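Peer 1: Below is the file data-v1.tsv, with TSV, N, CA and C atoms.
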```tsv
chain	number	residue	atom	x	y	z
A	1	MET	N	118.37	109.62	168.06
A	1	MET	CA	116.92	109.72	168.06
A	1	MET	C	116.35	108.39	168.55
A	2	SER	N	115.39	108.47	169.46
A	2	SER	CA	114.79	107.25	169.98
A	2	SER	C	113.93	106.60	168.90
A	3	LYS	N	113.61	105.33	169.10
A	3	LYS	CA	112.76	104.62	168.13
A	3	LYS	C	111.40	105.29	168.01
A	4	LEU	N	110.86	105.74	169.13
A	4	LEU	CA	109.56	106.39	169.09
A	4	LEU	C	109.63	107.70	168.31
A	5	ASP	N	110.70	108.48	168.52
A	5	ASP	CA	110.89	109.72	167.76
A	5	ASP	C	111.01	109.42	166.27
A	6	ALA	N	111.79	108.40	165.93
A	6	ALA	CA	111.97	108.03	164.53
A	6	ALA	C	110.65	107.58	163.91
A	7	ALA	N	109.85	106.84	164.68
A	7	ALA	CA	108.56	106.36	164.18
A	7	ALA	C	107.62	107.53	163.90
A	8	PHE	N	107.52	108.46	164.84
A	8	PHE	CA	106.63	109.60	164.62
A	8	PHE	C	107.14	110.52	163.51
A	9	SER	N	108.45	110.63	163.38
A	9	SER	CA	109.02	111.41	162.28
A	9	SER	C	108.66	110.77	160.94
A	10	ALA	N	108.76	109.45	160.87
A	10	ALA	CA	108.40	108.74	159.64
A	10	ALA	C	106.91	108.88	159.36
A	11	LEU	N	106.09	108.85	160.40
A	11	LEU	CA	104.64	108.94	160.24
A	11	LEU	C	104.17	110.34	159.85
A	12	ALA	N	105.05	111.32	159.95
A	12	ALA	CA	104.67	112.70	159.61
A	12	ALA	C	104.41	112.87	158.12
A	13	ASP	N	104.89	111.95	157.31
A	13	ASP	CA	104.72	112.06	155.86
A	13	ASP	C	103.48	111.28	155.41
A	14	PRO	N	102.57	111.92	154.66
A	14	PRO	CA	101.34	111.24	154.24
A	14	PRO	C	101.58	110.04	153.32
A	15	THR	N	102.62	110.10	152.51
A	15	THR	CA	102.92	108.95	151.64
A	15	THR	C	103.32	107.75	152.48
A	16	ARG	N	104.11	107.97	153.50
A	16	ARG	CA	104.53	106.86	154.37
A	16	ARG	C	103.35	106.29	155.13
A	17	ARG	N	102.44	107.17	155.58
A	17	ARG	CA	101.24	106.66	156.25
A	17	ARG	C	100.40	105.82	155.29
A	18	ALA	N	100.31	106.26	154.04
A	18	ALA	CA	99.56	105.50	153.04
A	18	ALA	C	100.23	104.15	152.77
A	19	ILE	N	101.54	104.13	152.74
A	19	ILE	CA	102.26	102.86	152.55
A	19	ILE	C	101.97	101.93	153.71
A	20	LEU	N	101.99	102.44	154.93
A	20	LEU	CA	101.70	101.61	156.10
A	20	LEU	C	100.26	101.09	156.06
A	21	ALA	N	99.34	101.95	155.62
A	21	ALA	CA	97.94	101.52	155.51
A	21	ALA	C	97.83	100.37	154.51
A	22	ARG	N	98.56	100.46	153.41
A	22	ARG	CA	98.55	99.37	152.42
A	22	ARG	C	99.15	98.11	153.02
A	23	LEU	N	100.25	98.24	153.77
A	23	LEU	CA	100.89	97.07	154.36
A	23	LEU	C	100.05	96.46	155.48
A	24	ALA	N	99.13	97.23	156.02
A	24	ALA	CA	98.21	96.68	157.02
A	24	ALA	C	97.31	95.61	156.40
A	25	LEU	N	97.15	95.66	155.08
A	25	LEU	CA	96.35	94.66	154.37
A	25	LEU	C	97.15	93.40	154.07
A	26	GLY	N	98.47	93.50	154.17
A	26	GLY	CA	99.32	92.34	153.92
A	26	GLY	C	100.63	92.74	153.27
A	27	GLU	N	101.52	91.79	153.20
A	27	GLU	CA	102.85	92.00	152.63
A	27	GLU	C	102.75	92.47	151.18
A	28	ALA	N	103.69	93.31	150.75
A	28	ALA	CA	103.71	93.81	149.38
A	28	ALA	C	105.14	94.07	148.94
A	29	THR	N	105.36	93.96	147.64
A	29	THR	CA	106.67	94.28	147.08
A	29	THR	C	106.73	95.77	146.79
A	30	VAL	N	107.93	96.25	146.50
A	30	VAL	CA	108.10	97.67	146.17
A	30	VAL	C	107.25	98.03	144.96
A	31	MET	N	107.25	97.18	143.93
A	31	MET	CA	106.49	97.48	142.72
A	31	MET	C	104.99	97.52	143.00
A	32	GLU	N	104.51	96.69	143.90
A	32	GLU	CA	103.09	96.73	144.28
A	32	GLU	C	102.77	98.02	145.03
A	33	LEU	N	103.73	98.49	145.81
A	33	LEU	CA	103.52	99.71	146.58
A	33	LEU	C	103.59	100.96	145.70
A	34	VAL	N	104.29	100.88	144.59
A	34	VAL	CA	104.42	102.02	143.67
A	34	VAL	C	103.10	102.30	142.96
A	35	GLU	N	102.32	101.26	142.66
A	35	GLU	CA	101.13	101.37	141.81
A	35	GLU	C	100.19	102.54	142.14
A	36	PRO	N	99.75	102.73	143.39
A	36	PRO	CA	98.76	103.79	143.63
A	36	PRO	C	99.33	105.21	143.68
A	37	PHE	N	100.63	105.34	143.61
A	37	PHE	CA	101.26	106.66	143.74
A	37	PHE	C	101.77	107.17	142.40
A	38	GLU	N	101.81	108.47	142.27
A	38	GLU	CA	102.42	109.09	141.10
A	38	GLU	C	103.87	109.39	141.45
A	39	MET	N	104.59	108.32	141.76
A	39	MET	CA	106.00	108.44	142.14
A	39	MET	C	106.78	107.34	141.45
A	40	THR	N	108.06	107.55	141.38
A	40	THR	CA	108.93	106.55	140.80
A	40	THR	C	109.24	105.46	141.83
A	41	GLN	N	109.73	104.36	141.34
A	41	GLN	CA	110.13	103.27	142.24
A	41	GLN	C	111.25	103.72	143.19
A	42	PRO	N	112.26	104.47	142.72
A	42	PRO	CA	113.29	104.93	143.65
A	42	PRO	C	112.72	105.84	144.76
A	43	ALA	N	111.72	106.66	144.43
A	43	ALA	CA	111.13	107.54	145.45
A	43	ALA	C	110.42	106.71	146.52
A	44	ILE	N	109.66	105.70	146.10
A	44	ILE	CA	108.99	104.82	147.07
A	44	ILE	C	110.04	104.06	147.89
A	45	SER	N	111.11	103.63	147.23
A	45	SER	CA	112.18	102.92	147.95
A	45	SER	C	112.79	103.79	149.04
A	46	ARG	N	112.92	105.09	148.77
A	46	ARG	CA	113.45	106.00	149.80
A	46	ARG	C	112.49	106.09	150.98
A	47	HIS	N	111.19	106.15	150.69
A	47	HIS	CA	110.20	106.15	151.78
A	47	HIS	C	110.29	104.85	152.58
A	48	LEU	N	110.45	103.74	151.89
A	48	LEU	CA	110.56	102.45	152.57
A	48	LEU	C	111.80	102.38	153.44
A	49	LYS	N	112.88	103.00	152.98
A	49	LYS	CA	114.11	103.02	153.77
A	49	LYS	C	113.90	103.78	155.08
A	50	VAL	N	113.16	104.88	155.00
A	50	VAL	CA	112.86	105.66	156.22
A	50	VAL	C	111.98	104.83	157.16
A	51	LEU	N	110.95	104.18	156.60
A	51	LEU	CA	110.07	103.35	157.43
A	51	LEU	C	110.83	102.19	158.06
A	52	GLU	N	111.73	101.60	157.30
A	52	GLU	CA	112.53	100.49	157.83
A	52	GLU	C	113.48	100.99	158.91
A	53	GLY	N	114.10	102.14	158.68
A	53	GLY	CA	115.00	102.72	159.67
A	53	GLY	C	114.29	103.06	160.98
A	54	ALA	N	113.02	103.43	160.87
A	54	ALA	CA	112.22	103.75	162.06
A	54	ALA	C	111.69	102.48	162.72
A	55	GLY	N	111.94	101.34	162.10
A	55	GLY	CA	111.48	100.08	162.68
A	55	GLY	C	110.01	99.78	162.43
A	56	LEU	N	109.38	100.52	161.52
A	56	LEU	CA	107.95	100.34	161.27
A	56	LEU	C	107.64	99.23	160.28
A	57	ILE	N	108.62	98.91	159.43
A	57	ILE	CA	108.43	97.81	158.48
A	57	ILE	C	109.64	96.88	158.52
A	58	ILE	N	109.42	95.69	158.02
A	58	ILE	CA	110.48	94.69	157.89
A	58	ILE	C	110.53	94.29	156.42
A	59	ARG	N	111.73	94.25	155.87
A	59	ARG	CA	111.89	93.81	154.48
A	59	ARG	C	112.73	92.54	154.48
A	60	ARG	N	112.38	91.64	153.56
A	60	ARG	CA	113.17	90.42	153.42
A	60	ARG	C	113.52	90.25	151.96
A	61	VAL	N	114.55	89.46	151.71
A	61	VAL	CA	114.98	89.21	150.34
A	61	VAL	C	114.37	87.90	149.88
A	62	GLU	N	113.72	87.97	148.71
A	62	GLU	CA	113.12	86.79	148.11
A	62	GLU	C	113.49	86.81	146.63
A	63	GLY	N	114.66	86.27	146.33
A	63	GLY	CA	115.17	86.36	144.96
A	63	GLY	C	115.49	87.80	144.62
A	64	THR	N	114.85	88.33	143.58
A	64	THR	CA	115.09	89.73	143.21
A	64	THR	C	114.07	90.66	143.86
A	65	LYS	N	113.11	90.09	144.55
A	65	LYS	CA	112.08	90.90	145.22
A	65	LYS	C	112.46	91.15	146.67
A	66	ARG	N	111.92	92.24	147.21
A	66	ARG	CA	112.12	92.57	148.63
A	66	ARG	C	110.76	92.90	149.25
A	67	PRO	N	109.98	91.87	149.55
A	67	PRO	CA	108.65	92.12	150.14
A	67	PRO	C	108.77	92.83	151.49
A	68	CYS	N	107.79	93.70	151.76
A	68	CYS	CA	107.74	94.48	153.00
A	68	CYS	C	106.50	94.07	153.79
A	69	ARG	N	106.61	94.20	155.09
A	69	ARG	CA	105.45	93.98	155.95
A	69	ARG	C	105.59	94.86	157.18
A	70	LEU	N	104.48	95.04	157.88
A	70	LEU	CA	104.52	95.85	159.11
A	70	LEU	C	105.35	95.15	160.17
A	71	ALA	N	105.97	95.94	161.02
A	71	ALA	CA	106.74	95.42	162.15
A	71	ALA	C	105.88	95.57	163.40
A	72	PRO	N	105.33	94.46	163.91
A	72	PRO	CA	104.41	94.55	165.05
A	72	PRO	C	105.01	95.21	166.29
A	73	ALA	N	106.29	95.01	166.55
A	73	ALA	CA	106.90	95.57	167.76
A	73	ALA	C	106.84	97.09	167.76
A	74	ALA	N	107.10	97.70	166.61
A	74	ALA	CA	107.07	99.17	166.54
A	74	ALA	C	105.65	99.69	166.72
A	75	VAL	N	104.69	99.02	166.11
A	75	VAL	CA	103.30	99.44	166.25
A	75	VAL	C	102.86	99.30	167.71
A	76	ASN	N	103.29	98.24	168.37
A	76	ASN	CA	102.96	98.05	169.78
A	76	ASN	C	103.57	99.14	170.65
A	77	GLU	N	104.80	99.54	170.35
A	77	GLU	CA	105.45	100.60	171.13
A	77	GLU	C	104.69	101.92	171.00
A	78	ILE	N	104.24	102.25	169.79
A	78	ILE	CA	103.44	103.46	169.57
A	78	ILE	C	102.12	103.35	170.33
A	79	ASP	N	101.50	102.18	170.24
A	79	ASP	CA	100.22	101.96	170.92
A	79	ASP	C	100.36	102.10	172.44
A	80	GLN	N	101.44	101.61	173.01
A	80	GLN	CA	101.67	101.74	174.45
A	80	GLN	C	101.83	103.20	174.84
A	81	TRP	N	102.54	103.98	174.03
A	81	TRP	CA	102.73	105.39	174.32
A	81	TRP	C	101.39	106.12	174.25
A	82	LEU	N	100.59	105.80	173.22
A	82	LEU	CA	99.28	106.43	173.10
A	82	LEU	C	98.35	106.00	174.24
A	83	ALA	N	98.47	104.77	174.70
A	83	ALA	CA	97.66	104.29	175.82
A	83	ALA	C	97.97	105.10	177.08
A	84	MET	N	99.25	105.44	177.26
A	84	MET	CA	99.64	106.27	178.41
A	84	MET	C	98.95	107.63	178.32
A	85	LEU	N	98.90	108.21	177.12
A	85	LEU	CA	98.23	109.50	176.95
A	85	LEU	C	96.72	109.37	177.18
A	86	ARG	N	96.12	108.29	176.67
A	86	ARG	CA	94.68	108.08	176.87
A	86	ARG	C	94.37	107.96	178.36
A	87	HIS	N	95.23	107.26	179.09
A	87	HIS	CA	95.03	107.09	180.53
A	87	HIS	C	95.13	108.45	181.24
A	88	ALA	N	96.12	109.25	180.87
A	88	ALA	CA	96.29	110.57	181.49
A	88	ALA	C	95.09	111.47	181.19
A	89	LEU	N	94.61	111.44	179.95
A	89	LEU	CA	93.44	112.25	179.60
A	89	LEU	C	92.20	111.80	180.37
A	90	SER	N	92.05	110.51	180.49
A	90	SER	CA	90.91	109.96	181.23
A	90	SER	C	90.95	110.40	182.69
A	91	ALA	N	92.13	110.36	183.29
A	91	ALA	CA	92.27	110.80	184.68
A	91	ALA	C	91.93	112.29	184.81
A	92	ASN	N	92.37	113.10	183.83
A	92	ASN	CA	92.05	114.53	183.87
A	92	ASN	C	90.54	114.76	183.76
A	93	TYR	N	89.89	114.06	182.87
A	93	TYR	CA	88.44	114.20	182.71
A	93	TYR	C	87.70	113.73	183.96
A	94	ASN	N	88.19	112.68	184.59
A	94	ASN	CA	87.57	112.20	185.83
A	94	ASN	C	87.67	113.25	186.93
A	95	ARG	N	88.83	113.90	187.03
A	95	ARG	CA	89.00	114.97	188.03
A	95	ARG	C	88.07	116.13	187.72
A	96	LEU	N	87.94	116.49	186.45
A	96	LEU	CA	87.03	117.56	186.06
A	96	LEU	C	85.59	117.19	186.40
A	97	ASP	N	85.20	115.94	186.14
A	97	ASP	CA	83.86	115.48	186.50
A	97	ASP	C	83.62	115.62	187.99
A	98	ASP	N	84.63	115.28	188.80
A	98	ASP	CA	84.50	115.40	190.26
A	98	ASP	C	84.33	116.86	190.68
A	99	VAL	N	85.09	117.76	190.07
A	99	VAL	CA	84.98	119.19	190.39
A	99	VAL	C	83.60	119.70	190.01
A	100	LEU	N	83.13	119.35	188.82
A	100	LEU	CA	81.81	119.81	188.37
A	100	LEU	C	80.70	119.23	189.24
A	101	ALA	N	80.83	117.99	189.63
A	101	ALA	CA	79.84	117.37	190.51
A	101	ALA	C	79.83	118.08	191.86
A	102	GLY	N	81.00	118.47	192.37
A	102	GLY	CA	81.09	119.19	193.63
A	102	GLY	C	80.47	120.57	193.52
A	103	MET	N	80.59	121.20	192.38
A	103	MET	CA	80.00	122.52	192.18
A	103	MET	C	78.48	122.42	192.14
A	104	LYS	N	77.93	121.36	191.60
A	104	LYS	CA	76.48	121.18	191.53
A	104	LYS	C	75.89	121.00	192.92
A	105	THR	N	76.59	120.24	193.78
A	105	THR	CA	76.04	120.00	195.11
A	105	THR	C	76.09	121.25	195.97
A	106	GLU	N	76.99	122.18	195.67
A	106	GLU	CA	77.08	123.43	196.44
A	106	GLU	C	75.95	124.40	196.08
A	107	GLU	N	75.38	124.24	194.89
A	107	GLU	CA	74.33	125.18	194.45
A	107	GLU	C	73.07	124.99	195.16
```
Is it possible to give me this structure as structure tokens?
Peer 2:
Amino acid sequence: MSKLDAAFSALADPTRRAILARLALGEATVMELVEPFEMTQPAISRHLKVLEGAGLIIRRVEGTKRPCRLAPAAVNEIDQWLAMLRHALSANYNRLDDVLAGMKTEE
């Protein structure tokens, strides 16, 4: 599975998206990430493992803690892919505008 496929697969889960939204505010430990959810620490840890495997977060060891943070490279890769789609949509809309403008002048 490509990194982009793994990232979108990880993003398909609302809990993982919520975790990423929290990490967008800054680094957090597993226990800090557990607080807003009605889940156990092992359940959140499994979500973090998926996010880490997809390259969306980075975890480091700090004594007994494992703080997590967003991985900028993965977010940039997703953004580049979405930019390609935005560009394609814009080109399609521009062509449609040209067709509609041509239809107006014929009337």
Peer 1: Using only N, CA and C atoms, determine which residues lie at most 7 Å from Ala7 of chain A, disregarding the query and same-chain residues fewer than 4 positions distant; provide the list as number ranges by chain.
Peer 2: A: 2-3, 11-12, 53-56
Peer 1: From a DSSP calculation on the backbone, collect every residue of chain A in helix (DSSP H, G or I) and output the set as a PyMOL selection string.
Peer 2: chain A and resi 3-11+14-23+30-34+41-53+72-106
Peer 1: Within 8 Å of segment 45-52 of chain A, counting all atoms listed in the file, which residues show up once you throw out same-chain ones fewer than 4 positions away? Write them as a PyMOL selection string, please.
Peer 2: chain A and resi 6-7+9-11+15-16+30+34+40-41+56-59
Peer 1: Atom CA of Trp81 of chain A to atom CA of Pro14 of chain A: how many Å, to one decimal?
Peer 2: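 Pair atom CA of Trp81 of chain A / atom CA of Pro14 of chain A returns 21.0 Å.
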Peer 1: I'd like the interatomic distance between atom N of Leu89 of chain A and atom C of Arg17 of chain A, to a tenth of an Å.
Peer 2: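 According to the coordinates, atom N of Leu89 of chain A and atom C of Arg17 of chain A are separated by 25.9 Å.
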Peer 1: As a ChimeraX atom specification, list the residues of segment 45-85 of chain A assigned to strand (DSSP E) by DSSP on the backbone atoms of this structure.
Peer 2: /A:57-59,68-70
Peer 1: Smallest atom-to-atom distance to Glu77 of chain A: which of A:Met31, A:Leu4, A:Ile44, A:Ala101, using only N, CA and C atoms?
Peer 2: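 That would be A:Leu4, the residue with the smallest distance to Glu77 of chain A.
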Peer 1: Measure the distance from atom CA of Leu25 of chain A to atom C of Glu62 of chain A in Å and round it to one decimal.
Peer 2: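 Atom CA of Leu25 of chain A sits 20.4 Å away from atom C of Glu62 of chain A.
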Peer 1: When you get a chance, write out N, CA, C and O atoms for segment 7-28 of chain A, as a CSV table (one decimal), keeping the file's coordinate frame.
Peer 2:
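File produced: rebuild_15.csv:
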```
chain,number,residue,atom,x,y,z
A,7,ALA,N,109.8,106.8,164.7
A,7,ALA,CA,108.6,106.4,164.2
A,7,ALA,C,107.6,107.5,163.9
A,7,ALA,O,107.0,107.6,162.8
A,8,PHE,N,107.5,108.5,164.8
A,8,PHE,CA,106.6,109.6,164.6
A,8,PHE,C,107.1,110.5,163.5
A,8,PHE,O,106.4,111.1,162.8
A,9,SER,N,108.4,110.6,163.4
A,9,SER,CA,109.0,111.4,162.3
A,9,SER,C,108.7,110.8,160.9
A,9,SER,O,108.3,111.5,160.0
A,10,ALA,N,108.8,109.4,160.9
A,10,ALA,CA,108.4,108.7,159.6
A,10,ALA,C,106.9,108.9,159.4
A,10,ALA,O,106.5,109.0,158.2
A,11,LEU,N,106.1,108.8,160.4
A,11,LEU,CA,104.6,108.9,160.2
A,11,LEU,C,104.2,110.3,159.8
A,11,LEU,O,103.0,110.5,159.5
A,12,ALA,N,105.0,111.3,160.0
A,12,ALA,CA,104.7,112.7,159.6
A,12,ALA,C,104.4,112.9,158.1
A,12,ALA,O,103.7,113.8,157.7
A,13,ASP,N,104.9,112.0,157.3
A,13,ASP,CA,104.7,112.1,155.9
A,13,ASP,C,103.5,111.3,155.4
A,13,ASP,O,103.3,110.1,155.7
A,14,PRO,N,102.6,111.9,154.7
A,14,PRO,CA,101.3,111.2,154.2
A,14,PRO,C,101.6,110.0,153.3
A,14,PRO,O,100.8,109.1,153.4
A,15,THR,N,102.6,110.1,152.5
A,15,THR,CA,102.9,109.0,151.6
A,15,THR,C,103.3,107.8,152.5
A,15,THR,O,102.9,106.6,152.2
A,16,ARG,N,104.1,108.0,153.5
A,16,ARG,CA,104.5,106.9,154.4
A,16,ARG,C,103.4,106.3,155.1
A,16,ARG,O,103.2,105.1,155.3
A,17,ARG,N,102.4,107.2,155.6
A,17,ARG,CA,101.2,106.7,156.2
A,17,ARG,C,100.4,105.8,155.3
A,17,ARG,O,99.9,104.8,155.7
A,18,ALA,N,100.3,106.3,154.0
A,18,ALA,CA,99.6,105.5,153.0
A,18,ALA,C,100.2,104.2,152.8
A,18,ALA,O,99.5,103.1,152.6
A,19,ILE,N,101.5,104.1,152.7
A,19,ILE,CA,102.3,102.9,152.6
A,19,ILE,C,102.0,101.9,153.7
A,19,ILE,O,101.7,100.7,153.5
A,20,LEU,N,102.0,102.4,154.9
A,20,LEU,CA,101.7,101.6,156.1
A,20,LEU,C,100.3,101.1,156.1
A,20,LEU,O,100.0,99.9,156.4
A,21,ALA,N,99.3,102.0,155.6
A,21,ALA,CA,97.9,101.5,155.5
A,21,ALA,C,97.8,100.4,154.5
A,21,ALA,O,97.1,99.4,154.7
A,22,ARG,N,98.6,100.5,153.4
A,22,ARG,CA,98.6,99.4,152.4
A,22,ARG,C,99.2,98.1,153.0
A,22,ARG,O,98.6,97.0,152.8
A,23,LEU,N,100.2,98.2,153.8
A,23,LEU,CA,100.9,97.1,154.4
A,23,LEU,C,100.0,96.5,155.5
A,23,LEU,O,100.2,95.3,155.8
A,24,ALA,N,99.1,97.2,156.0
A,24,ALA,CA,98.2,96.7,157.0
A,24,ALA,C,97.3,95.6,156.4
A,24,ALA,O,96.8,94.7,157.1
A,25,LEU,N,97.2,95.7,155.1
A,25,LEU,CA,96.4,94.7,154.4
A,25,LEU,C,97.2,93.4,154.1
A,25,LEU,O,96.6,92.4,153.7
A,26,GLY,N,98.5,93.5,154.2
A,26,GLY,CA,99.3,92.3,153.9
A,26,GLY,C,100.6,92.7,153.3
A,26,GLY,O,100.8,93.9,152.8
A,27,GLU,N,101.5,91.8,153.2
A,27,GLU,CA,102.8,92.0,152.6
A,27,GLU,C,102.8,92.5,151.2
A,27,GLU,O,101.8,92.1,150.5
A,28,ALA,N,103.7,93.3,150.8
A,28,ALA,CA,103.7,93.8,149.4
A,28,ALA,C,105.1,94.1,148.9
A,28,ALA,O,106.0,94.4,149.8
```
